[in-house]
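One file, entry30.txt, carrying compact mmCIF, C-alpha atoms:
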```
# COMPACT_ATOMS: atom_id res chain seq x y z
CA ILE A 1 -9.20 94.21 19.76
CA ILE A 2 -12.45 95.58 21.20
CA MET A 3 -15.41 93.81 19.62
CA PRO A 4 -18.62 95.73 18.91
CA LEU A 5 -21.68 94.97 21.00
CA ILE A 6 -23.96 94.52 18.00
CA SER A 7 -23.48 93.68 14.32
CA VAL A 8 -26.15 95.14 12.03
CA VAL A 9 -26.44 93.48 8.61
CA VAL A 10 -28.12 95.25 5.68
CA PRO A 11 -28.38 93.27 2.42
CA VAL A 12 -28.38 95.89 -0.34
CA TYR A 13 -29.70 95.49 -3.88
CA ASN A 14 -31.17 98.22 -6.11
CA ALA A 15 -31.98 100.30 -3.05
CA GLU A 16 -30.67 103.74 -4.03
CA ALA A 17 -34.10 105.36 -3.50
CA TYR A 18 -34.31 104.19 0.12
CA LEU A 19 -30.76 103.58 1.33
CA ASP A 20 -30.06 107.04 2.79
CA ARG A 21 -33.12 106.88 5.05
CA CYS A 22 -32.20 103.37 6.21
CA VAL A 23 -28.52 104.04 6.97
CA GLN A 24 -29.17 107.41 8.59
CA SER A 25 -31.74 105.88 10.94
CA ILE A 26 -29.18 103.27 12.02
CA LEU A 27 -26.44 105.85 12.52
CA ALA A 28 -28.83 107.90 14.69
CA GLN A 29 -29.21 105.09 17.25
CA THR A 30 -29.08 105.92 20.95
CA LEU A 31 -26.85 102.85 21.38
CA GLN A 32 -23.76 103.58 19.30
CA ASP A 33 -21.60 100.51 20.00
CA PHE A 34 -22.24 98.65 16.77
CA GLU A 35 -20.71 97.72 13.44
CA LEU A 36 -22.81 98.13 10.31
CA PHE A 37 -22.36 95.78 7.36
CA LEU A 38 -23.68 97.06 4.04
CA ILE A 39 -23.59 94.05 1.72
CA ASP A 40 -23.82 95.27 -1.87
CA ASP A 41 -25.20 92.24 -3.71
CA GLY A 42 -24.05 93.30 -7.17
CA SER A 43 -26.45 96.26 -7.42
CA PRO A 44 -26.61 97.72 -10.95
CA ASP A 45 -27.78 101.11 -9.58
CA ARG A 46 -25.91 103.59 -7.34
CA SER A 47 -26.41 101.53 -4.17
CA GLY A 48 -22.78 100.38 -4.03
CA ALA A 49 -21.45 103.92 -4.41
CA ILE A 50 -23.81 105.19 -1.69
CA CYS A 51 -22.53 102.45 0.64
CA ASP A 52 -18.92 103.49 -0.04
CA GLU A 53 -19.73 107.15 0.65
CA TYR A 54 -21.06 106.27 4.10
CA ALA A 55 -18.11 103.98 4.87
CA SER A 56 -15.67 106.80 4.06
CA LYS A 57 -17.26 108.91 6.81
CA ASP A 58 -17.79 106.34 9.59
CA LYS A 59 -15.31 103.62 10.52
CA ARG A 60 -18.08 101.44 12.00
CA ILE A 61 -19.47 100.92 8.51
CA LYS A 62 -18.06 97.97 6.56
CA VAL A 63 -19.00 97.59 2.90
CA ILE A 64 -18.69 94.28 1.09
CA HIS A 65 -19.24 94.29 -2.67
CA LYS A 66 -20.12 90.86 -4.05
CA THR A 67 -21.47 89.37 -7.24
CA ASN A 68 -25.25 89.05 -7.21
CA GLY A 69 -26.34 85.94 -5.34
CA GLY A 70 -29.66 86.93 -3.79
CA VAL A 71 -30.66 88.10 -0.33
CA SER A 72 -29.77 84.82 1.42
CA SER A 73 -26.18 84.98 0.20
CA ALA A 74 -25.96 88.67 1.19
CA ARG A 75 -27.26 87.97 4.70
CA GLN A 76 -24.88 85.01 5.05
CA CYS A 77 -21.98 87.18 3.94
CA GLY A 78 -22.78 89.68 6.71
CA LEU A 79 -23.22 86.88 9.24
CA ASP A 80 -19.87 85.31 8.30
CA ASN A 81 -18.09 88.61 8.94
CA ALA A 82 -19.99 89.75 12.04
CA LYS A 83 -17.97 90.21 15.23
CA GLY A 84 -20.68 91.55 17.55
CA GLU A 85 -21.98 89.78 20.63
CA TYR A 86 -25.44 90.18 19.09
CA ILE A 87 -26.62 90.26 15.47
CA ILE A 88 -29.63 91.94 13.88
CA HIS A 89 -30.70 92.55 10.29
CA CYS A 90 -32.30 95.57 8.62
CA ASP A 91 -33.70 95.72 5.09
CA PRO A 92 -32.50 98.63 2.91
CA ASP A 93 -35.96 99.98 2.06
CA ASP A 94 -37.00 100.09 5.74
CA TRP A 95 -35.91 102.29 8.64
CA VAL A 96 -35.72 102.09 12.42
CA GLU A 97 -36.65 104.09 15.51
CA LYS A 98 -33.67 105.69 17.25
CA ASN A 99 -33.92 103.37 20.29
CA TRP A 100 -34.25 100.16 18.22
CA LEU A 101 -30.90 98.72 19.29
CA GLU A 102 -30.88 100.08 22.85
CA CYS A 103 -34.28 98.69 23.83
CA LEU A 104 -33.62 95.26 22.31
CA TYR A 105 -30.17 95.07 23.91
CA LYS A 106 -31.36 96.18 27.37
CA ALA A 107 -34.15 93.59 27.29
CA ALA A 108 -31.69 90.86 26.30
CA VAL A 109 -29.35 91.78 29.16
CA LYS A 110 -32.12 92.17 31.75
CA GLU A 111 -33.64 88.78 30.94
CA ASN A 112 -30.32 87.10 30.12
CA ALA A 113 -31.98 86.26 26.79
CA ASP A 114 -30.56 84.79 23.59
CA ILE A 115 -33.22 86.51 21.46
CA SER A 116 -35.09 89.74 22.15
CA ILE A 117 -38.11 90.66 20.04
CA CYS A 118 -39.92 93.97 19.49
CA ASP A 119 -43.12 95.12 17.82
CA PHE A 120 -43.06 97.02 14.52
CA TRP A 121 -44.86 99.48 12.27
CA ILE A 122 -46.08 98.66 8.75
CA PHE A 123 -46.21 101.61 6.36
CA TYR A 124 -48.61 101.10 3.45
CA THR A 125 -49.16 103.62 0.66
CA ASN A 126 -52.20 105.18 2.32
CA SER A 127 -52.11 103.91 5.90
CA THR A 128 -49.96 102.80 8.82
CA LYS A 129 -50.51 100.12 11.41
CA ILE A 130 -48.69 98.75 14.41
CA ILE A 131 -48.08 95.02 14.77
CA LYS A 132 -48.05 93.78 18.36
CA THR A 133 -46.05 90.56 18.16
CA ASN A 134 -46.85 89.36 21.71
CA PRO A 135 -44.39 86.49 21.29
CA SER A 136 -44.48 83.44 23.49
CA LEU A 137 -41.38 83.34 25.67
CA ASN A 138 -41.31 79.55 25.19
CA ALA A 139 -39.19 78.64 22.15
CA GLU A 140 -41.40 75.77 20.98
CA LYS A 141 -44.60 77.81 21.29
CA LEU A 142 -42.97 80.79 19.56
CA PHE A 143 -41.97 78.47 16.71
CA GLU A 144 -45.67 77.58 16.27
CA GLN A 145 -46.69 81.24 16.47
CA ILE A 146 -44.32 82.14 13.66
CA VAL A 147 -45.56 79.28 11.46
CA TYR A 148 -49.09 80.68 11.86
CA ASN A 149 -48.50 84.43 11.64
CA GLY A 150 -45.51 84.41 9.29
CA TRP A 151 -43.57 87.03 11.25
CA GLY A 152 -40.22 85.25 11.13
CA SER A 153 -38.47 88.46 10.12
CA LEU A 154 -35.02 89.06 11.59
CA TRP A 155 -35.22 92.85 11.73
CA ASN A 156 -37.24 92.84 14.97
CA LYS A 157 -35.09 90.14 16.60
CA LEU A 158 -31.74 90.74 18.28
CA ILE A 159 -29.97 87.37 18.38
CA LYS A 160 -26.91 86.34 20.37
CA ARG A 161 -24.09 85.28 18.07
CA SER A 162 -23.26 82.42 20.45
CA LEU A 163 -26.76 80.97 19.80
CA VAL A 164 -26.21 81.17 16.03
CA GLU A 165 -22.92 79.32 16.45
CA LYS A 166 -24.42 76.76 18.86
CA VAL A 167 -27.03 75.63 16.32
CA SER A 168 -24.85 76.29 13.23
CA ALA A 169 -27.64 78.43 11.76
CA LYS A 170 -27.19 79.25 8.08
CA PHE A 171 -29.22 81.01 5.42
CA PRO A 172 -30.51 78.65 2.72
CA LYS A 173 -28.65 79.06 -0.58
CA GLY A 174 -30.72 80.27 -3.52
CA VAL A 175 -33.76 81.09 -1.38
CA ASP A 176 -34.88 84.73 -1.49
CA ILE A 177 -38.28 84.45 0.22
CA GLY A 178 -38.71 83.09 3.73
CA GLU A 179 -34.97 82.82 4.27
CA ASP A 180 -35.26 84.92 7.43
CA MET A 181 -38.05 82.75 8.86
CA PHE A 182 -36.04 79.64 8.11
CA PHE A 183 -33.02 81.08 9.91
CA CYS A 184 -35.27 82.01 12.82
CA PHE A 185 -36.57 78.44 13.04
CA GLN A 186 -33.02 77.13 13.33
CA THR A 187 -32.22 79.44 16.24
CA LEU A 188 -35.47 78.53 18.03
CA CYS A 189 -34.49 74.86 17.89
CA GLY A 190 -31.56 75.77 20.16
CA GLU A 191 -34.05 76.31 23.03
CA PRO A 192 -33.10 79.99 23.48
CA LYS A 193 -34.25 82.23 26.30
CA ILE A 194 -36.53 84.93 24.83
CA ALA A 195 -37.27 88.52 25.86
CA TYR A 196 -40.00 90.84 24.58
CA VAL A 197 -39.95 94.61 24.10
CA ASN A 198 -43.54 95.87 24.12
CA SER A 199 -42.79 98.74 21.75
CA ALA A 200 -42.77 99.24 17.96
CA LEU A 201 -39.15 99.97 17.02
CA TYR A 202 -38.92 98.91 13.35
CA CYS A 203 -40.58 100.57 10.35
CA TYR A 204 -41.47 98.03 7.67
CA ASN A 205 -42.01 99.67 4.30
CA LYS A 206 -44.80 98.11 2.23
CA GLN A 207 -44.86 101.08 -0.17
CA ASN A 208 -42.14 99.52 -2.33
CA ASP A 209 -44.06 97.60 -5.01
CA ASN A 210 -40.82 96.15 -6.39
CA SER A 211 -39.92 94.19 -3.27
CA ILE A 212 -40.28 90.41 -3.47
CA THR A 213 -42.65 90.24 -0.50
CA SER A 214 -45.06 92.71 -2.17
CA GLN A 215 -45.70 90.51 -5.17
CA GLY A 216 -48.12 87.91 -3.77
CA MET A 217 -47.79 84.18 -4.46
CA THR A 218 -45.88 83.73 -7.70
CA ASP A 219 -44.15 80.80 -9.43
CA GLN A 220 -40.92 82.18 -8.02
CA LYS A 221 -42.31 82.07 -4.48
CA SER A 222 -43.58 78.53 -5.00
CA ARG A 223 -40.12 77.42 -6.15
CA MET A 224 -38.54 79.14 -3.15
CA PHE A 225 -40.76 77.25 -0.69
CA LEU A 226 -39.87 73.96 -2.36
CA LEU A 227 -36.19 74.89 -2.07
CA LEU A 228 -36.74 75.61 1.62
CA LEU A 229 -38.29 72.20 2.19
CA GLY A 230 -35.31 70.57 0.48
CA TYR A 231 -32.89 72.65 2.50
CA LEU A 232 -34.56 71.48 5.71
CA GLU A 233 -33.06 68.04 5.10
CA THR A 234 -29.52 69.45 5.33
CA LEU A 235 -29.90 70.92 8.83
CA SER A 236 -28.07 69.42 11.77
CA ASN A 237 -31.24 69.96 13.83
CA ARG A 238 -33.58 68.93 10.99
CA ASP A 239 -35.49 66.37 13.08
CA ILE A 240 -36.62 68.81 15.75
CA CYS A 241 -37.24 71.49 13.10
CA SER A 242 -39.36 69.11 10.96
CA LYS A 243 -41.36 67.89 13.96
CA ARG A 244 -42.13 71.43 15.07
CA ILE A 245 -43.25 72.51 11.59
CA GLN A 246 -45.46 69.42 11.25
CA LYS A 247 -46.93 69.94 14.71
CA ALA A 248 -47.63 73.62 13.99
CA ILE A 249 -49.46 73.02 10.70
CA LYS A 250 -51.68 70.16 11.95
```

Take the structure in the file and write it out as structure tokens.
Amino acid sequence: IIMPLISVVVPVYNAEAYLDRCVQSILAQTLQDFELFLIDDGSPDRSGAICDEYASKDKRIKVIHKTNGGVSSARQCGLDNAKGEYIIHCDPDDWVEKNWLECLYKAAVKENADISICDFWIFYTNSTKIIKTNPSLNAEKLFEQIVYNGWGSLWNKLIKRSLVEKVSAKFPKGVDIGEDMFFCFQTLCGEPKIAYVNSALYCYNKQNDNSITSQGMTDQKSRMFLLLLGYLETLSNRDICSKRIQKAIK
């Protein structure tokens, strides 16, 4: 069995208005050696049907329909099924540049890196801006950077599956905000080698007012952060993770 180079995981929920743009941008990649997981998290709209339509036309696309459990459970479902040497995530209301995978993969290979990171675009309703991540290539310093700037997103980070397995990284159950950052923290505690692509390859859509991250600090968000703190205690590398968070926020 020939394993794909990269596993792309897209957690899908109520995304029928955006899903075509997202999937088509992934299928248009210059690097074509990937598998694409569309995880339908019990969507009540046409998202599940759209996923099935794409899967019927391209054997690289794998659709998993599951009962609604939130974005963490959808991401974990994709992670549990991924066979690629590298893993990356993409959100269903966003889209990617055509060389997203190729540039991240080439940087990882060139630097023999466990994680490669790129810059990204943010699309607001009336404006666009580019975010230069300028990540530290030192795992501990990058951990602190992410605590400060909040850019723990997984969609601009190509991560080696062997690193995920080494640190037993998991998505926190029941947490739908900050779950990606928390996963990122776990991988950084594995002292990975890091590469940087000085180019904006991901298009982050902030025009969707219904997304969780667009809604400011709410009671739901507060509960999620408390859940995250509780989940920290269950990690195998919780001591190093806790120390780094405490050091970063001092």

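Taking only C-alpha atoms into account, Asp180 of chain A lies nearest to A:Asp91 out of the set A:Asp80, A:Asp91, A:Asp58, A:Glu16.
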
Which of A:Met3, A:Ala49, A:Val71, A:Val63 sits closest to Pro172 of chain A [using all atoms listed in the file]: A:Val71

Length of the atom CA of Asn14 of chain A to atom CA of Asp45 of chain A vector [Å]: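 One can read the atom CA of Asn14 of chain A to atom CA of Asp45 of chain A distance as 5.6 Å.
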
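All protein, DNA and RNA residues at most 10 Å from (-37.5, 104.6, 15.2) are Ser25, Ile26, Ala28, Gln29, Trp95, Val96, Glu97, Lys98, Asn99, Trp100, Leu101, Phe120, Trp121, Ala200, Leu201, Tyr202 and Cys203 of chain A, using only C-alpha atoms.
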
Length of the atom CA of Ala169 of chain A to atom CA of Pro135 of chain A vector [Å]: 20.9 Å

From A:Glu53, A:Asp20, A:Glu85, A:Asp33, residue lying nearest Asp114 of chain A [only C-alpha atoms]: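 So, comparing all the options, the nearest one is A:Glu85.
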
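Nearest residue to Asp52 of chain A among A:Ile122, A:Cys77, A:Leu19, A:Leu5 is A:Leu19, counting all atoms listed in the file.
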
So that each row is one residue of segment 29-144 of chain A with an atom at most 10 Å from segment 6-13 of chain A, can you give its shortest atom pair and the distance in Å to one decimal, using only C-alpha atoms, rows by chain and rising number, as JSON lines?
```
{"residue": "A:Leu31", "atom": "CA", "partner": "A:Ile6", "partner_atom": "CA", "distance": 9.4}
{"residue": "A:Gln32", "atom": "CA", "partner": "A:Ile6", "partner_atom": "CA", "distance": 9.2}
{"residue": "A:Asp33", "atom": "CA", "partner": "A:Ile6", "partner_atom": "CA", "distance": 6.7}
{"residue": "A:Phe34", "atom": "CA", "partner": "A:Ile6", "partner_atom": "CA", "distance": 4.6}
{"residue": "A:Glu35", "atom": "CA", "partner": "A:Ser7", "partner_atom": "CA", "distance": 5.0}
{"residue": "A:Leu36", "atom": "CA", "partner": "A:Val8", "partner_atom": "CA", "distance": 4.8}
{"residue": "A:Phe37", "atom": "CA", "partner": "A:Val9", "partner_atom": "CA", "distance": 4.8}
{"residue": "A:Leu38", "atom": "CA", "partner": "A:Val10", "partner_atom": "CA", "distance": 5.1}
{"residue": "A:Ile39", "atom": "CA", "partner": "A:Pro11", "partner_atom": "CA", "distance": 4.9}
{"residue": "A:Asp40", "atom": "CA", "partner": "A:Val12", "partner_atom": "CA", "distance": 4.8}
{"residue": "A:Asp41", "atom": "CA", "partner": "A:Tyr13", "partner_atom": "CA", "distance": 5.6}
{"residue": "A:Gly42", "atom": "CA", "partner": "A:Tyr13", "partner_atom": "CA", "distance": 6.9}
{"residue": "A:Ser43", "atom": "CA", "partner": "A:Tyr13", "partner_atom": "CA", "distance": 4.9}
{"residue": "A:Pro44", "atom": "CA", "partner": "A:Tyr13", "partner_atom": "CA", "distance": 8.0}
{"residue": "A:Asp45", "atom": "CA", "partner": "A:Tyr13", "partner_atom": "CA", "distance": 8.2}
{"residue": "A:Arg46", "atom": "CA", "partner": "A:Tyr13", "partner_atom": "CA", "distance": 9.6}
{"residue": "A:Ser47", "atom": "CA", "partner": "A:Tyr13", "partner_atom": "CA", "distance": 6.9}
{"residue": "A:Gly48", "atom": "CA", "partner": "A:Val12", "partner_atom": "CA", "distance": 8.1}
{"residue": "A:Cys51", "atom": "CA", "partner": "A:Val12", "partner_atom": "CA", "distance": 8.8}
{"residue": "A:Arg60", "atom": "CA", "partner": "A:Ser7", "partner_atom": "CA", "distance": 9.7}
{"residue": "A:Ile61", "atom": "CA", "partner": "A:Val8", "partner_atom": "CA", "distance": 9.5}
{"residue": "A:Lys62", "atom": "CA", "partner": "A:Val9", "partner_atom": "CA", "distance": 9.7}
{"residue": "A:Val63", "atom": "CA", "partner": "A:Val10", "partner_atom": "CA", "distance": 9.8}
{"residue": "A:Ile64", "atom": "CA", "partner": "A:Pro11", "partner_atom": "CA", "distance": 9.8}
{"residue": "A:His65", "atom": "CA", "partner": "A:Val12", "partner_atom": "CA", "distance": 9.6}
{"residue": "A:Asn68", "atom": "CA", "partner": "A:Tyr13", "partner_atom": "CA", "distance": 8.5}
{"residue": "A:Gly70", "atom": "CA", "partner": "A:Tyr13", "partner_atom": "CA", "distance": 8.6}
{"residue": "A:Val71", "atom": "CA", "partner": "A:Pro11", "partner_atom": "CA", "distance": 6.3}
{"residue": "A:Ser72", "atom": "CA", "partner": "A:Pro11", "partner_atom": "CA", "distance": 8.6}
{"residue": "A:Ser73", "atom": "CA", "partner": "A:Pro11", "partner_atom": "CA", "distance": 8.9}
{"residue": "A:Ala74", "atom": "CA", "partner": "A:Pro11", "partner_atom": "CA", "distance": 5.3}
{"residue": "A:Arg75", "atom": "CA", "partner": "A:Pro11", "partner_atom": "CA", "distance": 5.9}
{"residue": "A:Gln76", "atom": "CA", "partner": "A:Val9", "partner_atom": "CA", "distance": 9.3}
{"residue": "A:Cys77", "atom": "CA", "partner": "A:Pro11", "partner_atom": "CA", "distance": 9.0}
{"residue": "A:Gly78", "atom": "CA", "partner": "A:Val9", "partner_atom": "CA", "distance": 5.6}
{"residue": "A:Leu79", "atom": "CA", "partner": "A:Val9", "partner_atom": "CA", "distance": 7.4}
{"residue": "A:Asn81", "atom": "CA", "partner": "A:Ser7", "partner_atom": "CA", "distance": 9.1}
{"residue": "A:Ala82", "atom": "CA", "partner": "A:Ser7", "partner_atom": "CA", "distance": 5.7}
{"residue": "A:Lys83", "atom": "CA", "partner": "A:Ser7", "partner_atom": "CA", "distance": 6.6}
{"residue": "A:Gly84", "atom": "CA", "partner": "A:Ile6", "partner_atom": "CA", "distance": 4.4}
{"residue": "A:Glu85", "atom": "CA", "partner": "A:Ile6", "partner_atom": "CA", "distance": 5.8}
{"residue": "A:Tyr86", "atom": "CA", "partner": "A:Ile6", "partner_atom": "CA", "distance": 4.7}
{"residue": "A:Ile87", "atom": "CA", "partner": "A:Ser7", "partner_atom": "CA", "distance": 4.8}
{"residue": "A:Ile88", "atom": "CA", "partner": "A:Val8", "partner_atom": "CA", "distance": 5.1}
{"residue": "A:His89", "atom": "CA", "partner": "A:Val9", "partner_atom": "CA", "distance": 4.7}
{"residue": "A:Cys90", "atom": "CA", "partner": "A:Val10", "partner_atom": "CA", "distance": 5.1}
{"residue": "A:Asp91", "atom": "CA", "partner": "A:Val10", "partner_atom": "CA", "distance": 5.6}
{"residue": "A:Pro92", "atom": "CA", "partner": "A:Val12", "partner_atom": "CA", "distance": 5.9}
{"residue": "A:Asp93", "atom": "CA", "partner": "A:Val12", "partner_atom": "CA", "distance": 8.9}
{"residue": "A:Leu101", "atom": "CA", "partner": "A:Ile6", "partner_atom": "CA", "distance": 8.2}
{"residue": "A:Tyr105", "atom": "CA", "partner": "A:Ile6", "partner_atom": "CA", "distance": 8.6}
```

One-decimal distance in Å that lies between atom CA of Val147 of chain A and atom CA of Asn126 of chain A: 28.3 Å
